[in-house]
>>> print(open('model20.cif').read())   # mmCIF, C-alpha atoms
data_data
#
loop_
_atom_site.label_atom_id
_atom_site.label_comp_id
_atom_site.auth_asym_id
_atom_site.auth_seq_id
_atom_site.Cartn_x
_atom_site.Cartn_y
_atom_site.Cartn_z
CA MET A 132 162.60 -143.13 67.89
CA THR A 133 163.10 -144.29 64.46
CA SER A 134 160.45 -143.90 61.88
CA SER A 135 159.33 -146.88 59.99
CA PRO A 136 159.28 -146.63 56.26
CA GLN A 137 155.82 -145.82 54.74
CA ARG A 138 154.22 -148.58 52.87
CA HIS A 139 152.44 -147.88 49.64
CA PRO A 140 149.00 -149.32 49.36
CA ARG A 141 148.83 -152.26 47.14
CA ARG A 142 147.46 -151.67 43.64
CA PRO A 143 144.33 -153.64 42.87
CA SER A 144 144.70 -156.48 40.48
CA ARG A 145 143.14 -156.54 37.07
CA ARG A 146 140.54 -158.96 38.22
CA GLN A 147 139.51 -156.69 41.07
CA LEU A 148 139.26 -153.70 38.67
CA LYS A 149 137.03 -155.66 36.28
CA THR A 150 134.79 -156.80 39.12
CA THR A 151 134.46 -153.24 40.48
CA LEU A 152 133.71 -151.82 37.03
CA ALA A 153 131.07 -154.50 36.37
CA ARG A 154 129.37 -153.75 39.72
CA LEU A 155 129.39 -150.02 38.93
CA LEU A 156 127.85 -150.57 35.48
CA PHE A 157 125.12 -152.82 36.86
CA ALA A 158 124.38 -150.22 39.54
CA LEU A 159 124.12 -147.39 36.95
CA LEU A 160 122.03 -149.35 34.45
CA PRO A 161 118.65 -148.76 36.20
CA VAL A 162 119.50 -145.07 36.72
CA THR A 163 120.37 -144.67 33.03
CA ALA A 164 117.15 -146.41 31.98
CA ALA A 165 115.08 -144.19 34.28
CA VAL A 166 116.68 -140.97 32.98
CA THR A 167 116.14 -142.08 29.37
CA ALA A 168 112.49 -142.88 30.05
CA VAL A 169 111.87 -139.51 31.71
CA LEU A 170 113.50 -137.61 28.85
CA THR A 171 111.55 -139.56 26.25
CA VAL A 172 108.22 -138.93 27.97
CA ALA A 173 109.05 -135.25 28.55
CA CYS A 174 109.45 -134.54 24.83
CA SER A 175 106.60 -132.98 22.86
CA SER A 176 104.21 -135.36 21.15
CA ILE A 177 102.22 -132.81 19.12
CA ASP A 178 101.14 -134.22 15.78
CA CYS A 179 101.59 -131.84 12.89
CA PRO A 180 98.49 -131.42 10.71
CA VAL A 181 98.70 -133.61 7.63
CA GLN A 182 96.88 -131.01 5.58
CA ASN A 183 98.27 -127.66 6.67
CA ALA A 184 97.16 -125.66 3.66
CA VAL A 185 94.70 -122.88 4.42
CA TYR A 186 91.74 -122.50 2.05
CA THR A 187 88.69 -120.26 1.80
CA VAL A 188 85.31 -121.88 1.23
CA TYR A 189 82.85 -120.32 -1.25
CA ASN A 190 79.19 -121.27 -1.49
CA ILE A 191 77.27 -120.34 -4.64
CA TYR A 192 73.88 -118.59 -4.60
CA GLY A 193 71.58 -117.06 -7.19
CA SER A 194 70.96 -113.31 -7.10
CA ASP A 195 67.70 -114.01 -5.22
CA GLY A 196 69.65 -115.68 -2.35
CA THR A 197 68.75 -119.31 -3.03
CA PRO A 198 71.58 -121.87 -3.15
CA ILE A 199 72.28 -122.93 -6.73
CA THR A 200 74.51 -125.25 -8.69
CA LEU A 201 76.52 -123.26 -11.20
CA GLY A 202 75.96 -125.09 -14.49
CA ASP A 203 78.41 -122.92 -16.40
CA THR A 204 82.20 -123.36 -16.37
CA LEU A 205 84.08 -121.47 -13.64
CA THR A 206 87.80 -120.72 -13.75
CA VAL A 207 89.59 -118.60 -11.13
CA THR A 208 93.05 -117.11 -11.63
CA THR A 209 95.34 -114.75 -9.74
CA THR A 210 98.59 -112.92 -10.35
CA CYS A 211 101.48 -114.15 -8.19
CA SER A 212 104.00 -111.86 -6.52
CA ASP A 213 106.52 -112.66 -9.28
CA GLY A 214 104.08 -111.31 -11.91
CA ASN A 215 103.07 -114.68 -13.37
CA ASP A 216 99.44 -115.77 -13.61
CA SER A 217 98.32 -118.81 -11.69
CA VAL A 218 95.17 -120.87 -12.18
CA LEU A 219 93.57 -121.60 -8.80
CA LEU A 220 90.45 -123.32 -10.09
CA ASN A 221 90.32 -124.77 -13.59
CA ARG A 222 87.05 -125.30 -15.45
CA LEU A 223 84.81 -126.26 -12.55
CA VAL A 224 81.32 -127.31 -13.73
CA ASN A 225 78.11 -128.16 -11.85
CA ALA A 226 79.35 -126.93 -8.49
CA SER A 227 77.55 -125.41 -5.53
CA THR A 228 80.69 -124.90 -3.44
CA PHE A 229 84.44 -124.63 -4.03
CA ASN A 230 87.65 -123.95 -2.10
CA LEU A 231 90.44 -121.53 -3.00
CA PRO A 232 93.84 -121.04 -1.40
CA ILE A 233 94.66 -117.67 0.14
CA SER A 234 98.06 -115.98 -0.01
CA TYR A 235 100.15 -115.29 3.07
CA ASN A 236 102.51 -112.64 1.70
CA SER A 237 100.11 -109.90 0.69
CA PRO A 238 97.46 -107.90 2.57
CA GLU A 239 95.12 -108.17 -0.43
CA ASP A 240 94.43 -110.98 -2.91
CA THR A 241 93.14 -110.25 -6.41
CA LEU A 242 91.17 -113.04 -8.04
CA ILE A 243 89.73 -113.12 -11.56
CA PHE A 244 86.56 -115.18 -11.93
CA TYR A 245 85.84 -116.38 -15.49
CA VAL A 246 82.37 -117.81 -16.07
CA SER A 247 81.78 -119.25 -19.52
CA GLY A 248 79.15 -121.13 -21.43
CA GLU A 249 78.64 -122.11 -25.02
CA GLY A 250 79.94 -119.18 -27.09
CA TRP A 251 80.28 -116.63 -24.26
CA GLU A 252 82.59 -115.71 -21.37
CA VAL A 253 82.29 -113.06 -18.65
CA SER A 254 84.88 -112.12 -16.04
CA ASP A 255 84.84 -110.33 -12.70
CA SER A 256 87.64 -109.21 -10.40
CA VAL A 257 87.40 -109.95 -6.70
CA LEU A 258 89.71 -108.19 -4.22
CA ILE A 259 89.97 -109.67 -0.72
CA ALA A 260 91.55 -107.51 2.01
CA LYS A 261 92.93 -109.53 4.92
CA ASP A 262 95.35 -109.68 7.81
CA ASN A 263 97.85 -112.55 7.84
CA TYR A 264 98.86 -114.20 11.13
CA PRO A 265 101.64 -116.78 11.49
CA HIS A 266 100.41 -119.93 13.24
CA PHE A 267 102.99 -121.99 15.14
CA GLU A 268 102.16 -125.40 16.62
CA SER A 269 105.51 -127.01 17.37
CA VAL A 270 109.17 -126.85 16.39
CA ASP A 271 108.51 -130.12 14.57
CA CYS A 272 105.85 -128.55 12.31
CA ASN A 273 106.06 -126.04 9.47
CA ILE A 274 104.63 -122.61 10.14
CA SER A 275 101.21 -121.86 8.65
CA PHE A 276 99.38 -118.59 8.16
CA PHE A 277 95.84 -117.95 9.33
CA HIS A 278 93.87 -114.94 8.11
CA ASN A 279 91.25 -112.44 9.19
CA ILE A 280 89.19 -111.17 6.26
CA ARG A 281 88.71 -107.41 6.55
CA GLY A 282 86.64 -106.86 3.44
CA VAL A 283 85.87 -107.80 -0.14
CA ARG A 284 85.29 -105.76 -3.32
CA TRP A 285 84.26 -106.97 -6.78
CA THR A 286 83.22 -105.89 -10.25
CA ARG A 287 79.62 -106.62 -11.20
CA ASN A 288 79.56 -108.30 -14.60
CA ILE A 289 78.35 -111.78 -13.58
CA ILE A 290 78.79 -111.53 -9.79
CA ASP A 291 75.88 -109.73 -8.16
CA SER A 292 77.37 -109.61 -4.65
CA ILE A 293 79.70 -111.34 -2.19
CA ALA A 294 79.05 -111.61 1.54
CA VAL A 295 81.68 -112.51 4.12
CA ASN A 296 80.12 -115.27 6.22
CA ASN A 297 83.12 -116.12 8.42
CA GLN A 298 86.11 -113.77 8.77
CA MET A 299 88.56 -116.23 10.36
CA VAL A 300 90.37 -118.47 7.86
CA ASN A 301 92.28 -121.45 9.27
CA TYR A 302 92.44 -125.23 8.74
CA ASP A 303 88.68 -125.66 9.28
CA LEU A 304 87.07 -126.35 5.89
CA SER A 305 83.64 -126.94 7.42
CA LYS A 306 83.03 -123.17 7.73
CA GLU A 307 81.82 -121.13 4.77
CA HIS A 308 83.88 -117.98 4.37
CA PHE A 309 82.12 -116.38 1.40
CA HIS A 310 78.63 -116.45 -0.07
CA ILE A 311 78.98 -115.51 -3.73
CA TYR A 312 75.78 -114.46 -5.51
CA PHE A 313 75.79 -114.81 -9.32
CA ARG A 314 73.47 -112.87 -11.64
CA THR A 315 71.05 -114.95 -13.62
CA ARG A 316 71.68 -114.82 -17.35
CA ARG A 317 68.89 -113.77 -19.67
#
>>> encode(input="model20.cif", output="C-alpha coordinates")
Amino acid sequence: MTSSPQRHPRRPSRRQLKTTLARLLFALLPVTAAVTAVLTVACSSIDCPVQNAVYTVYNIYGSDGTPITLGDTLTVTTTCSDGNDSVLLNRLVNASTFNLPISYNSPEDTLIFYVSGEGWEVSDSVLIAKDNYPHFESVDCNISFFHNIRGVRWTRNIIDSIAVNNQMVNYDLSKEHFHIYFRTRR
(Lines of atoms letter the chains of each structure in order from A and count residues from 1; the text may use other names and numbers.)
(Lines give C-alpha, C1' and ligand atoms only; values in the text may rest on other atoms or scores of the structure.)
Protein backbone atom coordinates (compact mmCIF):
# COMPACT_ATOMS: atom_id res chain seq x y z
CA MET A 1 0.00 0.00 0.00
CA THR A 2 1.11 3.40 -0.77
CA SER A 3 0.74 6.15 1.70
CA SER A 4 -1.01 9.25 0.68
CA PRO A 5 0.74 12.50 1.31
CA GLN A 6 -0.35 14.33 4.53
CA ARG A 7 -2.29 17.44 4.01
CA HIS A 8 -1.61 20.46 6.13
CA PRO A 9 -4.62 22.06 7.66
CA ARG A 10 -5.59 25.22 6.03
CA ARG A 11 -4.59 28.43 7.81
CA PRO A 12 -7.51 30.59 8.82
CA SER A 13 -7.98 33.74 6.88
CA ARG A 14 -7.55 37.17 8.34
CA ARG A 15 -11.25 37.68 8.43
CA GLN A 16 -11.76 34.49 10.42
CA LEU A 17 -9.03 35.53 12.90
CA LYS A 18 -10.65 38.93 13.44
CA THR A 19 -14.06 37.35 13.96
CA THR A 20 -12.67 34.83 16.48
CA LEU A 21 -10.77 37.54 18.38
CA ALA A 22 -13.87 39.76 18.52
CA ARG A 23 -15.97 36.88 19.90
CA LEU A 24 -13.30 36.13 22.52
CA LEU A 25 -13.14 39.77 23.63
CA PHE A 26 -16.92 40.04 23.91
CA ALA A 27 -16.97 36.81 25.92
CA LEU A 28 -14.26 38.08 28.33
CA LEU A 29 -15.74 41.55 28.79
CA PRO A 30 -18.34 40.53 31.44
CA VAL A 31 -15.73 38.44 33.28
CA THR A 32 -13.30 41.39 33.34
CA ALA A 33 -16.03 43.73 34.60
CA ALA A 34 -17.01 41.29 37.35
CA VAL A 35 -13.40 40.84 38.53
CA THR A 36 -12.87 44.62 38.56
CA ALA A 37 -16.04 45.15 40.58
CA VAL A 38 -15.09 42.51 43.14
CA LEU A 39 -11.59 43.95 43.58
CA THR A 40 -12.94 47.47 43.95
CA VAL A 41 -15.47 46.45 46.60
CA ALA A 42 -12.91 44.32 48.44
CA CYS A 43 -10.58 47.27 49.05
CA SER A 44 -10.62 49.08 52.40
CA SER A 45 -12.90 52.08 52.69
CA ILE A 46 -11.73 53.35 56.09
CA ASP A 47 -11.86 57.13 56.28
CA CYS A 48 -8.83 58.68 57.91
CA PRO A 49 -9.64 61.18 60.67
CA VAL A 50 -9.52 64.73 59.37
CA GLN A 51 -8.20 65.97 62.69
CA ASN A 52 -5.69 63.37 63.85
CA ALA A 53 -3.87 65.54 66.36
CA VAL A 54 -4.08 64.35 69.94
CA TYR A 55 -4.74 66.99 72.60
CA THR A 56 -5.24 67.04 76.37
CA VAL A 57 -8.20 68.96 77.76
CA TYR A 58 -7.76 71.12 80.88
CA ASN A 59 -10.64 72.55 82.90
CA ILE A 60 -9.93 75.44 85.28
CA TYR A 61 -11.08 75.50 88.91
CA GLY A 62 -10.50 77.74 91.91
CA SER A 63 -8.63 76.35 94.90
CA ASP A 64 -12.01 75.69 96.58
CA GLY A 65 -13.02 73.33 93.71
CA THR A 66 -15.56 75.56 91.95
CA PRO A 67 -15.25 76.01 88.17
CA ILE A 68 -13.89 79.45 87.34
CA THR A 69 -13.01 81.59 84.37
CA LEU A 70 -9.37 82.60 84.55
CA GLY A 71 -9.43 86.37 84.08
CA ASP A 72 -5.65 86.68 84.01
CA THR A 73 -3.46 85.95 80.97
CA LEU A 74 -2.26 82.35 80.59
CA THR A 75 0.68 81.31 78.43
CA VAL A 76 2.01 77.73 78.29
CA THR A 77 5.42 76.82 76.87
CA THR A 78 7.55 73.69 76.61
CA THR A 79 11.07 72.78 75.58
CA CYS A 80 11.25 70.66 72.42
CA SER A 81 13.59 67.70 71.97
CA ASP A 82 15.95 69.91 69.92
CA GLY A 83 16.33 72.29 72.89
CA ASN A 84 14.22 75.13 71.48
CA ASP A 85 11.28 76.60 73.38
CA SER A 86 7.83 76.31 71.91
CA VAL A 87 4.71 78.27 72.83
CA LEU A 88 1.74 75.90 73.11
CA LEU A 89 -0.80 78.44 74.33
CA ASN A 90 -0.25 82.16 73.83
CA ARG A 91 -1.90 84.77 76.03
CA LEU A 92 -5.23 83.07 76.67
CA VAL A 93 -7.64 85.33 78.61
CA ASN A 94 -11.08 84.71 80.14
CA ALA A 95 -10.97 80.96 79.71
CA SER A 96 -12.50 78.14 81.71
CA THR A 97 -11.05 75.35 79.56
CA PHE A 98 -8.18 74.91 77.10
CA ASN A 99 -6.50 72.19 75.03
CA LEU A 100 -2.79 71.42 74.78
CA PRO A 101 -0.96 69.02 72.47
CA ILE A 102 0.98 66.16 74.01
CA SER A 103 4.32 64.85 72.72
CA TYR A 104 4.76 61.36 71.34
CA ASN A 105 8.54 61.01 71.59
CA SER A 106 9.11 61.40 75.31
CA PRO A 107 7.81 59.55 78.38
CA GLU A 108 7.41 62.88 80.22
CA ASP A 109 6.31 66.33 79.08
CA THR A 110 7.45 69.47 80.90
CA LEU A 111 5.14 72.46 80.60
CA ILE A 112 5.69 75.96 81.98
CA PHE A 113 2.51 77.82 82.90
CA TYR A 114 2.85 81.62 83.00
CA VAL A 115 -0.04 83.49 84.60
CA SER A 116 0.18 87.27 84.42
CA GLY A 117 -1.86 90.30 85.25
CA GLU A 118 -1.24 94.00 85.35
CA GLY A 119 2.32 94.42 86.64
CA TRP A 120 2.89 90.82 87.83
CA GLU A 121 3.71 87.35 86.46
CA VAL A 122 3.97 83.97 88.18
CA SER A 123 5.10 80.69 86.66
CA ASP A 124 4.73 77.02 87.54
CA SER A 125 6.25 73.89 86.03
CA VAL A 126 4.01 70.92 85.28
CA LEU A 127 5.52 67.50 84.54
CA ILE A 128 3.25 64.89 82.95
CA ALA A 129 4.43 61.25 82.98
CA LYS A 130 2.80 59.12 80.28
CA ASP A 131 3.03 56.05 78.11
CA ASN A 132 2.88 56.56 74.34
CA TYR A 133 1.08 54.03 72.11
CA PRO A 134 1.14 54.08 68.30
CA HIS A 135 -2.38 54.02 66.85
CA PHE A 136 -2.80 52.54 63.37
CA GLU A 137 -6.10 52.72 61.47
CA SER A 138 -5.24 51.91 57.87
CA VAL A 139 -2.32 51.89 55.45
CA ASP A 140 -3.98 54.94 53.89
CA CYS A 141 -3.76 56.95 57.15
CA ASN A 142 -0.83 58.46 59.01
CA ILE A 143 0.07 56.86 62.32
CA SER A 144 -1.05 58.68 65.47
CA PHE A 145 0.00 58.27 69.08
CA PHE A 146 -2.43 57.79 71.94
CA HIS A 147 -1.32 58.16 75.55
CA ASN A 148 -1.95 56.83 79.03
CA ILE A 149 -1.23 59.42 81.72
CA ARG A 150 0.66 57.81 84.59
CA GLY A 151 1.00 60.85 86.82
CA VAL A 152 1.48 64.58 87.12
CA ARG A 153 3.76 66.76 89.29
CA TRP A 154 3.84 70.55 89.59
CA THR A 155 5.35 73.48 91.47
CA ARG A 156 2.96 75.43 93.68
CA ASN A 157 3.36 79.14 92.95
CA ILE A 158 -0.03 79.85 91.34
CA ILE A 159 -1.24 76.27 90.77
CA ASP A 160 -2.74 74.78 93.92
CA SER A 161 -3.22 71.26 92.53
CA ILE A 162 -3.85 69.21 89.40
CA ALA A 163 -6.07 66.12 89.25
CA VAL A 164 -6.03 63.57 86.46
CA ASN A 165 -9.67 63.13 85.47
CA ASN A 166 -9.20 60.80 82.47
CA GLN A 167 -5.94 58.90 81.88
CA MET A 168 -6.57 57.87 78.26
CA VAL A 169 -5.68 60.56 75.69
CA ASN A 170 -6.89 60.01 72.13
CA TYR A 171 -8.89 61.92 69.49
CA ASP A 172 -11.85 62.46 71.85
CA LEU A 173 -11.85 66.13 72.92
CA SER A 174 -15.12 65.78 74.83
CA LYS A 175 -13.32 64.18 77.80
CA GLU A 176 -11.56 66.31 80.40
CA HIS A 177 -8.09 64.96 81.11
CA PHE A 178 -6.95 67.40 83.80
CA HIS A 179 -8.63 69.53 86.44
CA ILE A 180 -6.23 72.36 87.24
CA TYR A 181 -6.88 74.27 90.46
CA PHE A 182 -5.43 77.81 90.64
CA ARG A 183 -4.74 79.66 93.89
CA THR A 184 -6.73 82.79 94.45
CA ARG A 185 -4.61 85.92 94.50
CA ARG A 186 -4.77 88.23 97.49
>>> resolve_selection(input="model20.cif", expression="the PyMOL selection byres ((chain A and resi 286) around 6)", output="VMD selection string")
chain A and resid 255 to 256 285 287
>>> resolve_selection(input="model20.cif", expression="the PyMOL selection byres ((chain A and resi 311-313) around 8)", output="list in words")
Tyr189, Asn190, Ile191, Tyr192, Gly193, Ser194, Gly196, Ile289, Ile290, Asp291, Ser292, Ile293, Ala294, Phe309, His310, Arg314 and Thr315 of chain A
>>> resolve_selection(input="model20.cif", expression="the PyMOL selection byres ((chain A and resi 206-210) around 9)", output="list in words")
Thr204, Leu205, Cys211, Ser212, Asp213, Gly214, Asn215, Asp216, Ser217, Val218, Leu219, Leu220, Asn221, Arg222, Leu223, Leu231, Asp240, Thr241, Leu242, Ile243, Phe244, Tyr245, Val246 and Ser247 of chain A
>>> atom_distance(input="model20.cif", atom1="CA of Tyr302 in chain A", atom2="CA of Arg284 in chain A")
24.0 Å
>>> atom_distance(input="model20.cif", atom1="CA of Ser254 in chain A", atom2="CA of Val283 in chain A")
16.5 Å
>>> atom_distance(input="model20.cif", atom1="CA of Ile274 in chain A", atom2="CA of Ser234 in chain A")
13.8 Å
>>> residues_around(input="model20.cif", residues="Pro232 in chain A", least_positions_apart="5", cutoff="9 Å", atoms="all atoms listed in the file", output="PyMOL selection string")
chain A and resi 184-188+219
>>> write_last_selection(input="model20.cif", atoms="C-alpha atoms", output="CSV table (one decimal), in the frame of the given file")
chain,number,residue,atom,x,y,z
A,184,ALA,CA,97.2,-125.7,3.7
A,185,VAL,CA,94.7,-122.9,4.4
A,186,TYR,CA,91.7,-122.5,2.0
A,187,THR,CA,88.7,-120.3,1.8
A,188,VAL,CA,85.3,-121.9,1.2
A,219,LEU,CA,93.6,-121.6,-8.8
>>> residues_near_point(input="model20.cif", point="(97.5, -103.6, 2.3)", cutoff="9 Å", atoms="all atoms listed in the file", output="VMD selection string")
chain A and resid 237 to 239 260 to 262
